[in-house]
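Note sheet for the following structure.
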Amino acid sequence: MNDLSIPVFADIENAYERIKPYVHRTPVMSSSLLNEFFDAQLYFKCENFQKVGAFKFRGATNAVNLLSQEELARGLVTHSSGNHAAALSLAARNRGAKAFIVMPSNSPGVKKLAVAGYGADIRYCEPNLKAREDTAGEIIRETGATFIHAYDNFNVIAGQGTAGYELLNDYTDLEMIVGPVGGGGLMSGTAIAVKGLKPGIKVIGAEPLGADDAYRSIKSGKYISHHKPNTIADGLLTTLSKRTFAILSENLDDIFTVTEKSIINCMRLVWERMKIIIEPSSAVSLAVVEENPDVFRGKKVGIILSGGNIDLGNIPF
């Protein structure tokens, strides 16, 4: 595979069969009160109930399970401040492999504890991309470990697409699917999966206004790699890769940005009305519905809740 290889629908189907024994088939939940409030039929794919509390476990499991025994023996490495770190740690442990995780020193305490709990070897670094990449490079030189990127990875993207694949198989009459965009791995896989199952469905990206590189890239048709994100949705601080930009440019029907106020409001709505814990990044999808009622009114809409990992001592409401 070259550096910009892109999965096709068959890769999502194969990933689904490969990871089935390891991942949860997460529930799809609805709320008559929220349906009435938003004047739409909303179906929430609850990846907050996935192992490690986020969809990331799907992609990590698919990538790890495609490695050879020789590669597994040398270990795996990534840099991540959150859910991918935990996902890769557990996926590696399930295959008896060592995981080396580079985490910025300012990573949330709850996420540091989670990664340590899965038995990973954590290396802390300064909170910038160069330090993360340099530290990961040192580990690769020391150990020969295989690097697995959080989203710019063919097999990770194929694995992430299994969430949308499950959702549309469960609810075949959905007209739209909305999900959050950070690095773009989730929505790249989702778009490939659901367009393969139902070509006419609309796939819509959701992004915080304070971290809108994907919005600006897709609307301008030019890849924008640098930005200074500022959002409560800490899982969406990353930028697109050239690979995810290419996939989303081809397959997204639209992308919207939302305010911090809407993110917090929708997060609270889900907590209070549905009695489930989601992190701010998950609420970005519902915030798009709140801010653009004319787009979704009367529609059957799948909403991907990407995760539920949040520091309960730092809730924004």
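Chains: A, B, ... in order of the structure tokens. Residues: from 1 per chain. Ligands: from 1, in order shown.
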
List the neighbours of stretch 12-27 of chain A out to 9 Å using only C-alpha atoms; skip same-chain residues closer than 2 positions along the sequence, and give me the result as a CSV table (one decimal) with N, CA and C atoms, in the first residue's frame.
```csv
chain,number,residue,atom,x,y,z
A,7,PRO,N,-9.3,2.9,2.1
A,7,PRO,CA,-10.1,1.7,2.1
A,7,PRO,C,-11.3,1.8,1.2
A,8,VAL,N,-11.8,0.7,0.8
A,8,VAL,CA,-13.1,0.6,0.1
A,8,VAL,C,-14.1,-0.2,1.0
A,9,PHE,N,-15.3,-0.3,0.5
A,9,PHE,CA,-16.4,-0.9,1.3
A,9,PHE,C,-16.0,-2.3,1.8
A,10,ALA,N,-15.4,-3.1,0.9
A,10,ALA,CA,-15.0,-4.5,1.3
A,10,ALA,C,-14.1,-4.5,2.5
A,29,MET,N,-29.7,4.2,20.7
A,29,MET,CA,-30.7,4.6,21.6
A,29,MET,C,-31.4,5.8,21.1
A,44,PHE,N,-29.1,7.4,18.2
A,44,PHE,CA,-27.8,7.7,18.8
A,44,PHE,C,-27.0,6.4,18.8
A,45,LYS,N,-25.9,6.3,18.1
A,45,LYS,CA,-25.0,5.1,18.1
A,45,LYS,C,-24.0,5.4,19.2
A,46,CYS,N,-24.2,4.6,20.3
A,46,CYS,CA,-23.5,4.9,21.6
A,46,CYS,C,-22.2,4.3,21.7
A,47,GLU,N,-21.2,4.9,21.0
A,47,GLU,CA,-19.8,4.4,21.1
A,47,GLU,C,-19.2,4.8,22.5
A,48,ASN,N,-19.9,5.5,23.3
A,48,ASN,CA,-19.5,5.8,24.7
A,48,ASN,C,-19.6,4.5,25.5
A,49,PHE,N,-20.3,3.5,25.0
A,49,PHE,CA,-20.4,2.2,25.6
A,49,PHE,C,-19.4,1.2,25.0
A,50,GLN,N,-18.6,1.6,24.1
A,50,GLN,CA,-17.6,0.7,23.5
A,50,GLN,C,-16.5,0.5,24.5
A,51,LYS,N,-15.7,-0.6,24.4
A,51,LYS,CA,-14.5,-0.8,25.3
A,51,LYS,C,-13.6,0.4,25.2
A,57,PHE,N,-11.4,2.0,19.8
A,57,PHE,CA,-11.0,0.6,20.0
A,57,PHE,C,-11.3,-0.2,18.8
A,58,ARG,N,-12.2,0.2,17.9
A,58,ARG,CA,-12.5,-0.5,16.7
A,58,ARG,C,-11.3,-0.4,15.7
A,59,GLY,N,-10.8,0.8,15.5
A,59,GLY,CA,-9.7,0.9,14.5
A,59,GLY,C,-8.4,0.3,15.1
A,61,THR,N,-8.1,-2.1,17.2
A,61,THR,CA,-8.2,-3.6,17.1
A,61,THR,C,-7.9,-4.1,15.7
A,62,ASN,N,-8.5,-3.5,14.7
A,62,ASN,CA,-8.3,-3.9,13.4
A,62,ASN,C,-6.9,-3.8,13.0
A,65,ASN,N,-4.7,-6.5,14.9
A,65,ASN,CA,-5.0,-7.9,14.5
A,65,ASN,C,-4.5,-8.2,13.1
A,66,LEU,N,-4.0,-7.2,12.3
A,66,LEU,CA,-3.5,-7.5,11.0
A,66,LEU,C,-1.9,-7.5,11.0
A,91,ALA,N,-5.9,-3.1,22.8
A,91,ALA,CA,-5.8,-4.0,21.6
A,91,ALA,C,-4.5,-4.7,21.6
A,94,ASN,N,-4.6,-7.5,24.3
A,94,ASN,CA,-5.4,-8.6,23.8
A,94,ASN,C,-4.6,-9.6,22.9
A,155,ASN,N,-5.8,0.7,8.0
A,155,ASN,CA,-6.5,-0.3,8.8
A,155,ASN,C,-7.3,0.3,9.9
A,157,ILE,N,-8.7,3.3,9.8
A,157,ILE,CA,-9.9,3.9,9.2
A,157,ILE,C,-10.9,2.8,8.9
A,158,ALA,N,-10.5,1.7,8.4
A,158,ALA,CA,-11.4,0.6,8.0
A,158,ALA,C,-12.1,0.1,9.3
A,159,GLY,N,-11.4,0.0,10.4
A,159,GLY,CA,-12.0,-0.4,11.7
A,159,GLY,C,-13.0,0.6,12.2
A,160,GLN,N,-12.7,1.9,12.1
A,160,GLN,CA,-13.6,2.9,12.6
A,160,GLN,C,-14.9,2.9,11.8
A,161,GLY,N,-14.8,2.6,10.6
A,161,GLY,CA,-16.0,2.5,9.7
A,161,GLY,C,-17.1,1.5,10.2
A,162,THR,N,-16.6,0.6,11.0
A,162,THR,CA,-17.6,-0.5,11.5
A,162,THR,C,-18.7,0.1,12.4
A,163,ALA,N,-18.5,1.2,13.0
A,163,ALA,CA,-19.5,1.8,13.8
A,163,ALA,C,-20.7,2.3,12.9
A,165,TYR,N,-21.3,1.2,9.9
A,165,TYR,CA,-21.7,-0.1,9.3
A,165,TYR,C,-22.8,-0.7,10.2
A,166,GLU,N,-22.5,-0.8,11.4
A,166,GLU,CA,-23.5,-1.4,12.4
A,166,GLU,C,-24.7,-0.6,12.4
A,167,LEU,N,-24.6,0.7,12.6
A,167,LEU,CA,-25.7,1.6,12.7
A,167,LEU,C,-26.7,1.5,11.5
A,189,GLY,N,-14.1,6.5,7.7
A,189,GLY,CA,-14.5,5.1,7.7
A,189,GLY,C,-16.1,5.0,7.6
A,192,ILE,N,-17.3,5.8,4.0
A,192,ILE,CA,-17.1,4.7,3.1
A,192,ILE,C,-18.1,3.6,3.4
A,193,ALA,N,-18.3,3.3,4.7
A,193,ALA,CA,-19.2,2.2,5.0
A,193,ALA,C,-20.7,2.4,4.6
```

Would you kindly return, as a PDB file with N, CA and C atoms, in the first residue's frame, each protein, DNA or RNA residue with an atom no farther than 7 Å from any atom of A:Gly205, considering only C-alpha atoms and excluding same-chain residues fewer than 4 positions away?
```
ATOM      1  N   VAL A 178     -24.688  11.807  11.121  1.00  0.00           N
ATOM      2  CA  VAL A 178     -23.847  12.922  11.553  1.00  0.00           C
ATOM      3  C   VAL A 178     -22.812  12.406  12.544  1.00  0.00           C
ATOM      4  N   GLY A 179     -21.569  12.834  12.381  1.00  0.00           N
ATOM      5  CA  GLY A 179     -20.525  12.440  13.319  1.00  0.00           C
ATOM      6  C   GLY A 179     -19.448  13.495  13.418  1.00  0.00           C
ATOM      7  N   PRO A 180     -18.667  13.466  14.502  1.00  0.00           N
ATOM      8  CA  PRO A 180     -17.649  14.484  14.732  1.00  0.00           C
ATOM      9  C   PRO A 180     -16.399  14.265  13.893  1.00  0.00           C
ATOM     10  N   VAL A 181     -15.738  15.365  13.556  1.00  0.00           N
ATOM     11  CA  VAL A 181     -14.497  15.315  12.783  1.00  0.00           C
ATOM     12  C   VAL A 181     -13.373  15.961  13.586  1.00  0.00           C
ATOM     13  N   LEU A 252     -18.126  13.224   2.032  1.00  0.00           N
ATOM     14  CA  LEU A 252     -19.012  14.003   2.898  1.00  0.00           C
ATOM     15  C   LEU A 252     -19.982  14.808   2.049  1.00  0.00           C
ATOM     16  N   ASP A 254     -21.780  17.282   3.530  1.00  0.00           N
ATOM     17  CA  ASP A 254     -21.630  18.627   4.070  1.00  0.00           C
ATOM     18  C   ASP A 254     -20.887  18.541   5.396  1.00  0.00           C
ATOM     19  N   ILE A 255     -20.434  19.675   5.872  1.00  0.00           N
ATOM     20  CA  ILE A 255     -19.795  19.769   7.177  1.00  0.00           C
ATOM     21  C   ILE A 255     -20.206  21.098   7.803  1.00  0.00           C
ATOM     22  N   PHE A 256     -20.502  21.069   9.088  1.00  0.00           N
ATOM     23  CA  PHE A 256     -20.936  22.259   9.815  1.00  0.00           C
ATOM     24  C   PHE A 256     -20.046  22.475  11.029  1.00  0.00           C
TER      25      PHE A 256
END
```

A:Asn35 proximity check over A:Ile304, A:Val289, A:Ala85, A:Val102, using only C-alpha atoms: winner is A:Val289

Shell around A:Asp294 at 12 Å using only C-alpha atoms, local window under 6 positions removed, as a PDB file with N, CA and C atoms, in the first residue's frame:
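Writing done, so here's selection.pdb:
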```
ATOM      1  N   PHE A  38     -36.197  18.425  18.893  1.00  0.00           N
ATOM      2  CA  PHE A  38     -35.491  18.768  17.651  1.00  0.00           C
ATOM      3  C   PHE A  38     -36.341  18.552  16.405  1.00  0.00           C
ATOM      4  N   ASP A  39     -37.563  18.050  16.578  1.00  0.00           N
ATOM      5  CA  ASP A  39     -38.471  17.818  15.461  1.00  0.00           C
ATOM      6  C   ASP A  39     -37.816  16.937  14.392  1.00  0.00           C
ATOM      7  N   ALA A  40     -37.199  15.861  14.860  1.00  0.00           N
ATOM      8  CA  ALA A  40     -36.548  14.889  13.978  1.00  0.00           C
ATOM      9  C   ALA A  40     -36.502  13.555  14.711  1.00  0.00           C
ATOM     10  N   VAL A 288     -24.865  20.169  15.891  1.00  0.00           N
ATOM     11  CA  VAL A 288     -25.141  20.501  14.482  1.00  0.00           C
ATOM     12  C   VAL A 288     -26.642  20.481  14.217  1.00  0.00           C
TER      13      VAL A 288
END
```

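If you look at atom CA of A:Leu286 and atom CA of A:Glu272, they are 14.2 Å away from each other.
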
List as a VMD selection string the protein and nucleic acid residues near A:Ala150, meaning an atom at most 7 Å away when only C-alpha atoms are counted, but skip any in the same chain fewer than 2 places from it.
chain A and resid 84 148 152

Please provide as a PyMOL selection string all residues within 12 Å of A:Arg268, with the sequence filter that same-chain residues fewer than 4 positions apart are discarded (counting only C-alpha atoms).
chain A and resi 261-264+272-280+282-284+286-287+315-317
